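Notes follow once the structure below has been shown.
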Amino acid sequence: MPTLIAHASRYGATREIAEAIGRALEKRGLAVDVRPAAEVGRLEGYGGVVLGSALYSGGWLDDAREFLESFQDELAARDVWLFSSGPTTPGDPAEALGGWLFPEDLAPLVSKVRPRDVILFAGKIDPDVLGLQDWLINRSMRGLAGDFRNWPRIEAWAARIADALTAARAGAPQAAHDGNQN
Ligand SMILES: Cc1cc2nc3c(=O)[nH]c(=O)nc-3n(C[C@H](O)[C@H](O)[C@H](O)COP(=O)(O)O)c2cc1C
């Protein structure tokens with residue numbers, strides 16, 4: 001069964017992270033389907049699910065939030081991994097944000113879904129492509145321009161997902177959860 005890698009992305013930076021995760025899983029012999037969260041109509045036919053959203057004003061994009069909400073029961077019955085991407089900062093973004101991993105308003109859904117892992121990746125801001133409103137908000141927030149995505153870290157996370165999926169496929173016993181959640 002393919003692994004679904006669903007993403008919500010406004011300017012493409014998060015989509016590219018999802019695509020990199022997809023390539024890393026494929027490289028390890030796993031079938032994947034990488035697609036925008038808004039385009040997923042059902043989870044039937046998928047094994048594991050990776051869901052990621054860009055952060056805007058502290059929250060996930062609606063498409064990812066709605067995905068988590070509407071598929072909460074199906075997700076609770078699957079192996080799920082969640083990622084947020086946003087902070088334009090060098091180093092570990094979760095450390096920069098004092099351990100923050102995902103928007104607080106998602107906590108009840110995240111508790112229900114019980115993801116195997118949740119991670120926060122750094123993001124990318126190119127002021128030249130931002131819509132006017134985002135450009136103004138970003139200027140007022142003094143968001144740092146640049147591409148801070150840490151591809152080795154993304155690849156390493158994807159490798160751990162591939163290991164877990166491969167173990168599940170082989171029917172090997174798995175650790176209940178990987179921890180690293182808030
Ligand atoms: C208007 C605006 C608001 C943002 N708000 C946040 C935020 O609250 N927290 C955060 O970590 N990153 C924030 N970011 C950074 C984005 O999450 C980052 O640029 C991300 O990589 C964008 O991904 P996308 O291209 O997939 O939409 C913001 C960026 C913009 C332009």
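If you're wondering about the labels, chains in the structure tokens are A, B, ... by order shown, residues count from 1 in each chain, ligands from 1 in order shown.
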Within 7 Å of ligand 1, counting only C-alpha atoms and all ligand atoms, residues as a list in words:
Ala8, Ser9, Arg10, Tyr11, Gly12, Ala13, Thr14, Arg15, Ala54, Leu55, Tyr56, Ser57, Gly58, Gly59, Ser85, Gly86, Pro87, Thr88, Ala122, Gly123, Lys124, Ile125, Leu130, Asp134, Trp135, Ile137, Asn138 and Gly143 of chain A
d(atom CA of Val113 of chain A, atom CA of Phe67 of chain A) in Å
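Computing the Euclidean distance for atom CA of Val113 of chain A and atom CA of Phe67 of chain A yields 11.9 Å.
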Asp105 of chain A environment, 12 Å, only C-alpha atoms, sequence neighbours closer than 2 positions dropped, as a list of chain:residue names
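The contact residues come out as A:Gly58, A:Gly59, A:Trp60, A:Arg65, A:Leu68, A:Glu69, A:Leu101, A:Phe102, A:Pro103, A:Ala107, A:Pro108, A:Leu109, A:Val110, A:Ser111.
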Identify which of the residues A:Leu61, A:Leu75, A:Ala18, A:Ala170 lies closest to Val49 of chain A, counting only C-alpha atoms when measuring atom-to-atom distances.
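Under the stated criterion, the closest residue is A:Leu75.
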Find the residues around Trp100 of chain A up to 9 Å (only C-alpha atoms counted), leave out those fewer than 5 positions away in its own chain, and share them as a PyMOL selection string.
chain A and resi 93-95+120+182
Quick one: pick out all helix (DSSP H, G or I) residues within chain A from a backbone DSSP run and write them as a ChimeraX atom specification.
/A:13-27,37-39,62-70,72-76,93-96,104-113,127-129,132-141,151-169
Rank A:Leu30, A:Ala24, A:Leu51, A:Ala37 by their smallest atom-to-atom distance to Trp151 of chain A, using only C-alpha atoms, and report the top residue only.
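Closest to Trp151 of chain A of all the choices is A:Ala24.
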From the set A:Ser53, A:Phe121, A:Gly131, A:Asp62, which residue has the shortest atom-to-atom contact distance to Ala156 of chain A, counting only C-alpha atoms?
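Ranking A:Ser53, A:Phe121, A:Gly131, A:Asp62 by distance to Ala156 of chain A, first place goes to A:Phe121.
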